[in-house]
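Data file: protein.cif. Format and content: mmCIF, C-alpha atoms.
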data_final
loop_
_atom_site.label_atom_id
_atom_site.label_comp_id
_atom_site.auth_asym_id
_atom_site.auth_seq_id
_atom_site.Cartn_x
_atom_site.Cartn_y
_atom_site.Cartn_z
CA MET G 1 -47.49 107.07 65.17
CA GLN G 2 -50.25 107.71 62.68
CA LYS G 3 -52.49 110.72 62.87
CA ASN G 4 -56.05 110.06 63.97
CA THR G 5 -57.94 110.20 60.65
CA ARG G 6 -61.25 108.54 61.36
CA PRO G 7 -63.05 107.76 58.10
CA ALA G 8 -66.60 107.99 59.41
CA ASP G 9 -67.73 111.04 57.48
CA ASN G 10 -66.63 109.49 54.20
CA LEU G 11 -67.90 105.97 54.89
CA PHE G 12 -71.35 106.12 56.41
CA LEU G 13 -74.43 108.13 55.50
CA SER G 14 -77.47 107.52 57.66
CA GLN G 15 -80.24 106.23 55.43
CA SER G 16 -82.88 107.02 58.02
CA ARG G 17 -81.92 110.64 58.71
CA GLY G 18 -80.09 111.55 55.55
CA GLN G 19 -77.32 112.97 57.72
CA LYS G 20 -73.71 112.07 58.20
CA ILE G 21 -72.76 110.30 61.44
CA ASP G 22 -70.00 111.93 63.47
CA ASN G 23 -66.78 110.06 64.16
CA ASP G 24 -67.56 109.00 67.71
CA GLU G 25 -71.00 107.69 66.83
CA PHE G 26 -69.49 105.80 63.90
CA VAL G 27 -67.23 103.88 66.29
CA ARG G 28 -70.19 103.07 68.55
CA LEU G 29 -72.17 101.77 65.57
CA ALA G 30 -69.23 99.65 64.45
CA TYR G 31 -68.90 98.00 67.87
CA ALA G 32 -72.63 97.36 68.15
CA GLY G 33 -72.77 95.73 64.71
CA GLU G 34 -74.96 98.41 63.18
CA LEU G 35 -72.99 99.29 60.06
CA PRO G 36 -74.13 98.23 56.58
CA ALA G 37 -72.17 95.19 55.38
CA GLU G 38 -70.15 97.01 52.71
CA ILE G 39 -69.18 99.78 55.15
CA GLN G 40 -68.32 97.23 57.81
CA VAL G 41 -65.83 95.48 55.50
CA LYS G 42 -64.17 98.77 54.59
CA THR G 43 -63.95 99.72 58.26
CA PHE G 44 -62.57 96.39 59.49
CA GLY G 45 -59.92 96.58 56.79
CA SER G 46 -58.79 100.05 57.85
CA THR G 47 -59.24 100.26 61.62
CA GLU G 48 -55.82 101.87 62.01
CA HIS G 49 -57.62 105.07 60.98
CA LEU G 50 -60.23 104.94 63.76
CA PHE G 51 -57.83 105.93 66.55
CA PRO G 52 -54.24 107.09 66.94
CA THR G 53 -51.88 104.14 66.59
CA ARG G 54 -48.31 103.11 67.24
CA CYS G 55 -46.39 101.16 64.60
CA ILE G 56 -45.35 97.55 65.25
CA ALA G 57 -42.28 97.51 63.03
CA LYS G 58 -41.31 94.35 61.19
CA GLY G 59 -37.72 93.16 60.93
CA PRO G 60 -35.36 93.31 57.96
CA LYS G 61 -36.02 89.71 56.83
CA ILE G 62 -39.28 88.08 55.79
CA ALA G 63 -39.82 84.45 56.72
CA PRO G 64 -41.23 82.90 53.52
CA LEU G 65 -44.32 80.74 53.75
CA VAL G 66 -44.04 77.93 51.22
CA GLU G 67 -47.18 77.46 49.14
CA HIS G 68 -48.18 73.83 48.90
CA LYS G 69 -51.79 74.34 48.04
CA ASP G 70 -54.01 71.33 48.40
CA HIS G 71 -56.71 72.45 45.96
CA SER G 72 -59.35 70.73 48.07
CA GLU G 73 -61.63 73.73 48.44
CA ASN G 74 -64.67 71.49 47.98
CA ALA G 75 -63.86 69.26 50.95
CA GLN G 76 -66.87 68.39 53.09
CA PHE G 77 -67.09 69.43 56.75
CA SER G 78 -69.79 68.58 59.28
CA SER G 79 -71.50 71.01 61.65
CA HIS G 80 -74.76 70.33 63.48
CA ASN G 81 -75.04 67.07 61.52
CA ARG G 82 -74.92 68.88 58.18
CA ASP G 83 -72.16 68.79 55.60
CA TYR G 84 -70.65 71.99 54.25
CA THR G 85 -67.90 72.93 51.82
CA ILE G 86 -65.23 75.52 52.49
CA ASP G 87 -67.04 77.86 50.09
CA GLU G 88 -70.19 77.48 52.18
CA TYR G 89 -68.27 78.15 55.40
CA ILE G 90 -66.87 81.33 53.86
CA ALA G 91 -70.25 82.49 52.57
CA CYS G 92 -72.35 81.55 55.61
CA ASN G 93 -69.94 83.09 58.12
CA ARG G 94 -69.13 86.22 56.08
CA VAL G 95 -65.44 85.28 55.97
CA THR G 96 -63.15 87.81 54.28
CA GLY G 97 -59.88 85.91 54.71
CA LEU G 98 -58.99 82.26 55.35
CA LEU G 99 -55.50 80.79 55.71
CA ILE G 100 -54.73 77.15 56.50
CA LEU G 101 -51.14 76.16 57.27
CA LYS G 102 -50.11 72.51 57.58
CA ASP G 103 -46.53 71.68 58.54
CA SER G 104 -45.82 75.44 58.20
CA GLN G 105 -46.86 75.43 54.53
CA ILE G 106 -49.83 77.18 52.93
CA ILE G 107 -52.35 74.61 51.78
CA LEU G 108 -55.25 77.03 51.39
CA GLU G 109 -55.52 80.82 51.19
CA ARG G 110 -58.67 82.69 50.26
CA TYR G 111 -59.73 86.35 50.22
CA GLN G 112 -63.16 87.91 49.67
CA HIS G 113 -64.85 91.30 49.31
CA GLY G 114 -61.89 93.20 47.88
CA ILE G 115 -59.48 92.03 50.60
CA ASN G 116 -56.11 90.65 49.47
CA GLU G 117 -52.76 89.41 50.79
CA LYS G 118 -51.54 92.99 51.33
CA SER G 119 -54.58 93.99 53.39
CA ARG G 120 -54.29 94.53 57.13
CA TRP G 121 -57.33 93.46 59.14
CA MET G 122 -58.41 94.18 62.69
CA SER G 123 -57.58 91.74 65.46
CA MET G 124 -60.22 92.76 67.98
CA SER G 125 -59.70 90.44 71.00
CA MET G 126 -57.05 88.33 69.29
CA ALA G 127 -54.82 91.11 70.63
CA LYS G 128 -55.48 89.82 74.15
CA SER G 129 -53.59 86.62 73.36
CA ILE G 130 -50.69 88.59 71.92
CA SER G 131 -50.58 90.86 74.99
CA THR G 132 -50.44 87.97 77.44
CA THR G 133 -47.75 86.30 75.34
CA LEU G 134 -45.66 89.41 75.93
CA VAL G 135 -45.95 88.73 79.66
CA GLY G 136 -44.22 85.42 78.99
CA VAL G 137 -41.51 87.23 77.04
CA ALA G 138 -41.07 89.71 79.91
CA ILE G 139 -40.65 86.84 82.38
CA LYS G 140 -38.10 85.19 80.08
CA GLN G 141 -36.18 88.48 79.93
CA GLY G 142 -36.36 89.04 83.69
CA TYR G 143 -38.59 92.11 83.71
CA ILE G 144 -41.27 90.18 85.60
CA LYS G 145 -40.25 87.64 88.22
CA SER G 146 -43.27 85.34 88.28
CA VAL G 147 -46.99 85.12 87.54
CA ASN G 148 -47.39 84.60 91.28
CA ASP G 149 -46.23 88.16 91.97
CA PRO G 150 -48.85 90.59 93.32
CA LEU G 151 -49.97 92.91 90.56
CA THR G 152 -49.36 95.91 92.79
CA ASP G 153 -45.62 95.13 92.92
CA TYR G 154 -45.57 96.65 89.43
CA LEU G 155 -48.65 98.90 89.54
CA PRO G 156 -48.68 100.55 92.98
CA GLU G 157 -51.46 102.87 91.81
CA LEU G 158 -53.81 99.87 92.21
CA VAL G 159 -53.16 99.60 95.96
CA ASN G 160 -56.47 99.87 97.88
CA SER G 161 -58.44 98.97 94.76
CA THR G 162 -60.13 95.67 93.86
CA TYR G 163 -56.79 94.64 92.32
CA ASP G 164 -54.85 95.13 95.56
CA LYS G 165 -54.64 91.39 96.37
CA VAL G 166 -54.72 90.09 92.79
CA THR G 167 -51.77 88.14 91.38
CA ILE G 168 -50.52 88.46 87.82
CA GLU G 169 -51.82 84.95 87.10
CA GLN G 170 -55.29 85.83 88.35
CA LEU G 171 -55.23 88.86 86.07
CA LEU G 172 -54.14 86.72 83.10
CA GLN G 173 -56.94 84.25 83.85
CA MET G 174 -59.54 87.00 84.36
CA THR G 175 -60.34 85.81 87.89
CA SER G 176 -59.68 89.09 89.70
CA GLY G 177 -63.19 89.28 91.16
CA ALA G 178 -63.81 92.75 89.74
CA ARG G 179 -67.30 93.52 88.44
CA TRP G 180 -67.49 93.51 84.63
CA ASN G 181 -70.10 93.19 81.89
CA GLU G 182 -68.57 92.49 78.44
CA ASP G 183 -71.76 93.09 76.40
CA HIS G 184 -70.68 95.16 73.37
CA THR G 185 -74.26 95.99 72.41
CA ASN G 186 -75.28 97.30 75.84
CA PRO G 187 -74.35 101.00 76.10
CA LEU G 188 -74.44 100.73 79.92
CA SER G 189 -71.95 97.84 80.19
CA GLU G 190 -68.44 98.27 81.53
CA ARG G 191 -67.16 97.25 78.11
CA ARG G 192 -68.95 100.17 76.51
CA GLU G 193 -67.76 102.48 79.31
CA VAL G 194 -64.19 101.62 78.36
CA LEU G 195 -65.02 102.20 74.69
CA GLU G 196 -66.27 105.67 75.64
CA LEU G 197 -62.98 106.33 77.45
CA GLN G 198 -61.10 105.18 74.37
CA ILE G 199 -63.16 107.53 72.23
CA ALA G 200 -62.44 110.38 74.65
CA GLN G 201 -58.66 109.79 74.26
CA GLN G 202 -57.64 110.85 77.77
CA PRO G 203 -54.26 109.47 78.93
CA GLY G 204 -54.51 107.05 81.84
CA ALA G 205 -58.31 107.19 82.01
CA ILE G 206 -58.90 103.48 81.41
CA LEU G 207 -56.57 102.30 84.18
CA ARG G 208 -58.09 104.85 86.57
CA TYR G 209 -61.54 103.51 85.67
CA MET G 210 -60.44 99.91 86.26
CA ALA G 211 -59.23 100.92 89.74
CA THR G 212 -62.78 102.05 90.62
CA LEU G 213 -64.51 98.75 89.79
CA PRO G 214 -66.15 97.14 92.82
CA GLN G 215 -65.16 93.68 93.99
CA VAL G 216 -67.90 91.07 93.54
CA ALA G 217 -65.87 87.91 94.27
CA LYS G 218 -62.65 86.92 95.95
CA PRO G 219 -59.64 86.74 93.59
CA GLY G 220 -59.32 83.33 91.96
CA CYS G 221 -62.90 82.23 92.73
CA VAL G 222 -64.89 83.40 89.66
CA TRP G 223 -63.96 83.63 85.99
CA ASN G 224 -65.39 86.66 84.19
CA TYR G 225 -64.31 87.63 80.68
CA SER G 226 -63.11 91.24 80.76
CA THR G 227 -61.48 93.37 78.09
CA GLY G 228 -60.66 95.84 80.83
CA GLU G 229 -58.39 93.28 82.51
CA THR G 230 -56.30 93.13 79.35
CA HIS G 231 -55.75 96.86 79.52
CA VAL G 232 -54.34 96.28 82.99
CA VAL G 233 -52.03 93.66 81.42
CA GLY G 234 -50.80 96.37 79.05
CA ALA G 235 -50.18 98.76 81.94
CA LEU G 236 -48.32 95.98 83.76
CA LEU G 237 -46.04 95.41 80.76
CA LYS G 238 -45.33 99.12 80.35
CA ALA G 239 -44.49 99.44 84.06
CA ALA G 240 -42.30 96.32 84.11
CA THR G 241 -40.37 96.86 80.85
CA GLY G 242 -40.48 100.64 80.54
CA LYS G 243 -41.56 100.14 76.91
CA TYR G 244 -44.80 100.65 75.05
CA LEU G 245 -46.45 97.42 73.92
CA ALA G 246 -46.05 98.05 70.18
CA ASP G 247 -42.35 98.79 70.62
CA TYR G 248 -41.82 95.79 72.90
CA LEU G 249 -43.77 93.50 70.53
CA SER G 250 -41.69 94.74 67.60
CA GLU G 251 -38.39 94.36 69.43
CA THR G 252 -39.01 90.92 70.90
CA LEU G 253 -41.30 89.12 68.44
CA TRP G 254 -42.53 90.94 65.33
CA SER G 255 -39.00 91.68 64.08
CA LYS G 256 -37.87 88.10 64.76
CA LEU G 257 -40.81 86.16 63.32
CA GLY G 258 -40.19 87.33 59.76
CA MET G 259 -43.35 89.40 59.42
CA GLU G 260 -43.90 90.80 55.95
CA SER G 261 -45.59 94.03 56.97
CA ASP G 262 -45.48 96.70 59.64
CA SER G 263 -48.60 96.55 61.78
CA HIS G 264 -50.37 99.04 64.04
CA TRP G 265 -51.90 99.12 67.52
CA TRP G 266 -54.61 101.45 68.78
CA LEU G 267 -53.75 103.91 71.55
CA GLU G 268 -55.86 105.18 74.43
CA SER G 269 -54.62 108.70 73.64
CA PRO G 270 -51.97 110.30 71.44
CA ASP G 271 -48.62 109.00 72.71
CA GLY G 272 -50.49 106.96 75.36
CA LEU G 273 -50.82 103.28 76.21
CA GLU G 274 -51.94 100.72 73.66
CA ILE G 275 -55.45 99.29 73.95
CA ALA G 276 -54.06 95.90 74.95
CA GLY G 277 -57.36 94.07 74.52
CA SER G 278 -57.89 94.95 70.84
CA GLY G 279 -56.77 97.21 68.05
CA ILE G 280 -53.91 95.41 66.27
CA THR G 281 -54.05 95.37 62.49
CA ALA G 282 -51.93 92.89 60.52
CA THR G 283 -51.93 90.82 57.34
CA LEU G 284 -53.46 87.35 57.20
CA ARG G 285 -50.07 85.71 56.74
CA ASP G 286 -48.51 87.65 59.62
CA TYR G 287 -51.24 86.44 61.96
CA GLY G 288 -50.40 83.00 60.60
CA ARG G 289 -46.71 83.51 61.42
CA PHE G 290 -47.65 84.40 64.98
CA GLY G 291 -49.68 81.20 65.13
CA LEU G 292 -46.66 79.21 63.94
CA PHE G 293 -44.55 80.81 66.69
CA MET G 294 -47.01 79.58 69.31
CA MET G 295 -47.30 76.17 67.66
CA ASN G 296 -43.50 75.86 67.86
CA ASP G 297 -43.55 76.48 71.64
CA GLY G 298 -42.14 80.00 71.41
CA ILE G 299 -38.94 79.02 69.61
CA VAL G 300 -37.74 80.88 66.49
CA ASN G 301 -34.66 79.83 64.55
CA GLY G 302 -33.45 77.86 67.56
CA GLU G 303 -33.91 80.77 69.97
CA ARG G 304 -36.37 80.31 72.83
CA LEU G 305 -38.32 83.54 73.28
CA LEU G 306 -40.84 82.25 75.83
CA PRO G 307 -40.14 80.38 79.07
CA GLU G 308 -40.12 76.62 78.70
CA GLY G 309 -43.64 75.33 79.33
CA TRP G 310 -45.23 78.77 78.92
CA VAL G 311 -47.32 77.91 75.85
CA LYS G 312 -48.88 74.86 77.53
CA GLN G 313 -49.48 76.79 80.74
CA ALA G 314 -51.05 79.70 78.88
CA THR G 315 -53.37 77.61 76.69
CA THR G 316 -54.57 74.80 78.98
CA PRO G 317 -58.01 74.86 80.65
CA PHE G 318 -58.00 75.49 84.39
CA LYS G 319 -60.46 74.63 87.13
CA ILE G 320 -62.37 76.69 89.65
CA GLY G 321 -63.80 74.11 92.01
CA ASP G 322 -65.34 71.46 89.76
CA THR G 323 -65.85 73.85 86.85
CA VAL G 324 -63.48 73.58 83.89
CA ILE G 325 -62.70 76.98 82.35
CA PRO G 326 -61.62 76.48 78.69
CA TYR G 327 -59.39 79.53 78.91
CA GLY G 328 -55.76 79.91 79.87
CA TYR G 329 -53.86 83.18 79.84
CA MET G 330 -56.37 84.78 77.48
CA TRP G 331 -56.09 81.88 75.01
CA TRP G 332 -59.13 79.64 74.41
CA ALA G 333 -58.63 75.86 74.75
CA ILE G 334 -60.36 74.03 71.88
CA ALA G 335 -61.74 70.50 72.12
CA ASP G 336 -61.71 68.16 69.13
CA GLN G 337 -64.84 66.64 67.57
CA GLN G 338 -64.97 64.07 70.36
CA GLY G 339 -64.81 66.75 73.05
CA SER G 340 -61.21 65.98 74.06
CA PHE G 341 -58.51 68.55 74.80
CA ASN G 342 -55.75 65.96 74.18
CA ASP G 343 -54.48 67.69 71.04
CA GLY G 344 -53.66 70.77 73.10
CA ALA G 345 -55.42 72.90 70.47
CA PHE G 346 -56.12 76.54 71.32
CA SER G 347 -57.15 79.78 69.70
CA ALA G 348 -57.11 83.54 69.86
CA ARG G 349 -60.46 85.01 68.95
CA GLY G 350 -62.12 88.36 68.51
CA ILE G 351 -65.61 89.70 67.97
CA PHE G 352 -67.17 89.63 64.52
CA GLY G 353 -65.34 86.36 63.76
CA GLN G 354 -61.58 86.90 63.99
CA ARG G 355 -59.68 83.69 64.82
CA ILE G 356 -56.21 82.14 65.05
CA TYR G 357 -56.58 78.39 65.65
CA ILE G 358 -53.46 76.40 66.57
CA ASN G 359 -53.15 72.62 66.87
CA PRO G 360 -49.56 71.78 67.91
CA LYS G 361 -50.08 68.01 67.83
CA LYS G 362 -51.26 68.04 64.22
CA ASN G 363 -49.15 70.98 63.00
CA ILE G 364 -52.15 73.02 61.87
CA VAL G 365 -52.67 76.79 62.05
CA ILE G 366 -55.88 78.35 60.72
CA VAL G 367 -56.51 82.10 60.53
CA VAL G 368 -59.97 83.49 59.85
CA TRP G 369 -61.09 87.06 59.21
CA SER G 370 -64.79 87.82 59.17
CA ALA G 371 -67.25 90.69 59.00
CA ARG G 372 -70.22 89.16 60.78
CA PRO G 373 -73.40 91.12 61.42
CA LYS G 374 -73.10 91.25 65.23
CA PRO G 375 -70.17 91.00 67.65
CA MET G 376 -71.02 87.55 69.02
CA ASN G 377 -72.93 84.35 68.20
CA THR G 378 -73.83 85.02 64.56
CA GLU G 379 -71.76 82.33 62.87
CA GLN G 380 -74.01 79.90 61.02
CA ILE G 381 -71.27 77.27 61.00
CA ILE G 382 -69.56 77.00 64.40
CA ASP G 383 -65.92 78.00 63.97
CA ASN G 384 -64.53 75.42 66.38
CA GLU G 385 -66.41 72.65 64.58
CA PHE G 386 -64.95 73.82 61.29
CA PHE G 387 -61.43 73.95 62.77
CA SER G 388 -61.69 70.42 64.17
CA ALA G 389 -63.20 69.01 60.99
CA ALA G 390 -60.69 70.80 58.74
CA THR G 391 -57.82 69.57 60.91
CA ASP G 392 -59.03 65.98 60.67
CA PHE G 393 -59.56 66.29 56.92
CA TYR G 394 -56.13 67.73 56.11
CA CYS G 395 -54.31 65.36 58.46
CA GLN G 396 -55.82 62.39 56.62
CA ARG G 397 -54.60 63.48 53.20
#
Rewrite the coordinates I just gave you, this time as structure tokens.
Amino acid sequence: MQKNTRPADNLFLSQSRGQKIDNDEFVRLAYAGELPAEIQVKTFGSTEHLFPTRCIAKGPKIAPLVEHKDHSENAQFSSHNRDYTIDEYIACNRVTGLLILKDSQIILERYQHGINEKSRWMSMSMAKSISTTLVGVAIKQGYIKSVNDPLTDYLPELVNSTYDKVTIEQLLQMTSGARWNEDHTNPLSERREVLELQIAQQPGAILRYMATLPQVAKPGCVWNYSTGETHVVGALLKAATGKYLADYLSETLWSKLGMESDSHWWLESPDGLEIAGSGITATLRDYGRFGLFMMNDGIVNGERLLPEGWVKQATTPFKIGDTVIPYGYMWWAIADQQGSFNDGAFSARGIFGQRIYINPKKNIVIVVWSARPKPMNTEQIIDNEFFSAATDFYCQR
């Protein structure tokens, strides 16, 4: 585990006050999207220094990614009835890293702003998709019986809380019925409350907080995006397997997927639980390797690491009444340019523009790193439109 060496005092000097910002305030500014662009890039490329971390160790062998570069950087893509090039997508959306894999080969790889192939970049909520994938691994290994199990079978400390009658599947789908506001820029939201608990670094505090949330809907009746629910997923995995998430991820996946670099995962406190909803740092190509694992239905070198059918189940939209929720087990379902989900495309995504897009039907994986000005809704070119257009373009060549 790395020592907590937050870089705030060396990275940010308040221009308005002429005073240095303390470490905790630096983290709050980063989450709210209030850092200068050059400081933001440095921070996003070194988030393992913001909090204590646990290492996600790679295995002894690296799975090579064959470079078959297409050299079609000037291809045209359409968004909002306008044509753009890849260079324009990168510039407009403040992209720092872009990797496109077709048939498991690199056809395009770009880095910006001093970032390179050795750099590790923050996942933010892409970690949610990795955490829920570990639930599938735990079911395959017999640690968890079924997603239909009551959550309290594994976390009895949640008895008599809002989560008392919630199943594992309802947790994975974020339909627990617990009150939650995900607004990163609102200091009074539940999301920011959990950030404050993370800053405080008190063991067990986040799960205790989740147990106090009031119930605002019956389980399974309302979908509400909640980073806090992913922390409960992490607690579930620790209780079921007896292993910390970083160790379990290393043992079951990271060491078997041929990752080229050790990675790191934020902790809620020194030697405590991982922040399951964010806080992984990894290289662009290693995120791409994880995407290939999902594209290949959880099979690596002939070994099935996920239950049969898990990937489809985890990445397919579900319904609540007549409403289609384009979200599975913390994976986003992505429609093509015609609005169809027939390709089975899906993505992991995080604030400030972090993405892993996977299209199993067309053998495409796209990884994007960005340093956008605000957590949400600041992309000038819609990412999903770019993914669909890029997929169509490269599949026609």
Would you tabulate, counting only C-alpha atoms, all residues of region 106-140 of chain G that have an atom at most 9 Å from an atom of region 43-53 of chain G, showing the closest pair of atoms and their distance in Å to one decimal, sorted by chain then ascending number, as JSON lines?
{"residue": "G:Ile115", "atom": "CA", "partner": "G:Gly45", "partner_atom": "CA", "distance": 7.7}
{"residue": "G:Ser119", "atom": "CA", "partner": "G:Gly45", "partner_atom": "CA", "distance": 6.8}
{"residue": "G:Arg120", "atom": "CA", "partner": "G:Gly45", "partner_atom": "CA", "distance": 6.0}
{"residue": "G:Trp121", "atom": "CA", "partner": "G:Gly45", "partner_atom": "CA", "distance": 4.7}
{"residue": "G:Met122", "atom": "CA", "partner": "G:Phe44", "partner_atom": "CA", "distance": 5.7}
Taking the file as I've supplied it (selection: the PyMOL selection byres ((chain G and resi 116) around 12)), which residues are included? Please answer as a ChimeraX atom specification. /G:45,96-99,109-115,117-121,283-285,369
Report the distance between CA of Arg289 (chain G) and CA of Ala390 (chain G) in Å, rounded to one decimal place.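 Distance between the two atoms: 19.1 Å.
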Can you list, as a VMD selection string, every protein, DNA or RNA residue that comes within 10 Å of Tyr89 (chain G) when you count only C-alpha atoms, leaving out same-chain residues fewer than 3 positions away? chain G and resid 77 84 to 86 92 to 95 379 to 383 386
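Those residues that approach Gly59 (chain G) to within 12 Å, counting all atoms listed in the file, are Ile56, Ile62, Ala63, Leu249, Ser250, Glu251, Thr252, Leu253, Trp254, Ser255, Lys256, Leu257, Gly258, Met259, Glu260, Ser261, Asp262 and Ser263 of chain G; same-chain residues fewer than 3 positions away are not listed.
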Applied to this file, what does the PyMOL selection byres ((chain G and resi 362) around 9) return in terms of residues, put as a list in words?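 Evaluating the PyMOL selection byres ((chain G and resi 362) around 9) on these coordinates yields Lys102, Asp103, Asp343, Ala345, Ile358, Asn359, Pro360, Lys361, Asn363, Ile364, Thr391, Asp392 and Cys395 of chain G.
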Picked residues, the PyMOL selection byres ((chain G and resi 131) around 12), as a ChimeraX atom specification: /G:123,125-130,132-138,172,227,229-238,244-246,248-249,253,265,274-280,314,329-331,348
Please list as a list in words every residue within 9 Å of Val222 (chain G), counting all atoms listed in the file and excluding residues in the same chain fewer than 4 positions away. Met174, Thr175, Ser176, Gly177, Ala217, Lys218 and Ile320 of chain G
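From CA of Thr378 (chain G) back to CA of Glu190 (chain G), the distance works out to 22.2 Å.
When CA of Lys243 (chain G) is paired with CA of Gly309 (chain G), their separation reads 25.0 Å.
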Given all atoms listed in the file as the counted atoms, nearest of G:Thr167, G:Ser269, G:Gln141, G:Ser79 to Pro219 (chain G):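 Among G:Thr167, G:Ser269, G:Gln141, G:Ser79, it is G:Thr167 that comes nearest to Pro219 (chain G).
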Just checking: using all atoms listed in the file, which residue out of G:His68, G:Lys58, G:Lys140, G:Lys374 ends up closest to Leu306 (chain G)? G:Lys140
May I ask you to restore all heavy atoms in region 347-353 of chain G and write the result as a tab-separated table (two decimals), keeping the file's coordinate frame?
chain	number	residue	atom	x	y	z
G	347	SER	N	-56.92	78.72	70.67
G	347	SER	CA	-57.15	79.78	69.70
G	347	SER	C	-57.18	81.14	70.36
G	347	SER	O	-57.49	81.28	71.54
G	347	SER	CB	-58.47	79.56	68.94
G	347	SER	OG	-59.58	79.89	69.74
G	348	ALA	N	-56.84	82.14	69.55
G	348	ALA	CA	-57.11	83.54	69.86
G	348	ALA	C	-58.37	83.90	69.09
G	348	ALA	O	-58.55	83.46	67.95
G	348	ALA	CB	-55.95	84.43	69.42
G	349	ARG	N	-59.25	84.66	69.69
G	349	ARG	CA	-60.46	85.01	68.95
G	349	ARG	C	-60.95	86.39	69.31
G	349	ARG	O	-60.73	86.87	70.43
G	349	ARG	CB	-61.55	83.97	69.16
G	349	ARG	CG	-62.19	83.91	70.52
G	349	ARG	CD	-63.09	82.68	70.62
G	349	ARG	NE	-64.00	82.73	71.75
G	349	ARG	CZ	-64.66	81.69	72.23
G	349	ARG	NH1	-64.50	80.51	71.66
G	349	ARG	NH2	-65.48	81.82	73.26
G	350	GLY	N	-61.60	87.02	68.32
G	350	GLY	CA	-62.12	88.36	68.51
G	350	GLY	C	-63.52	88.47	67.96
G	350	GLY	O	-63.96	87.65	67.15
G	351	ILE	N	-64.23	89.50	68.40
G	351	ILE	CA	-65.61	89.70	67.97
G	351	ILE	C	-65.69	89.88	66.46
G	351	ILE	O	-64.73	90.23	65.80
G	351	ILE	CB	-66.25	90.89	68.70
G	351	ILE	CG1	-65.44	92.17	68.49
G	351	ILE	CG2	-66.44	90.59	70.18
G	351	ILE	CD1	-66.13	93.43	69.03
G	352	PHE	N	-66.87	89.59	65.95
G	352	PHE	CA	-67.17	89.63	64.52
G	352	PHE	C	-66.45	88.54	63.73
G	352	PHE	O	-66.38	88.60	62.52
G	352	PHE	CB	-66.89	91.01	63.91
G	352	PHE	CG	-67.75	92.11	64.48
G	352	PHE	CD1	-67.23	92.99	65.41
G	352	PHE	CD2	-69.07	92.25	64.10
G	352	PHE	CE1	-68.02	94.01	65.95
G	352	PHE	CE2	-69.87	93.26	64.62
G	352	PHE	CZ	-69.34	94.15	65.56
G	353	GLY	N	-65.87	87.54	64.45
G	353	GLY	CA	-65.34	86.36	63.76
G	353	GLY	C	-63.89	86.41	63.37
G	353	GLY	O	-63.53	85.97	62.27
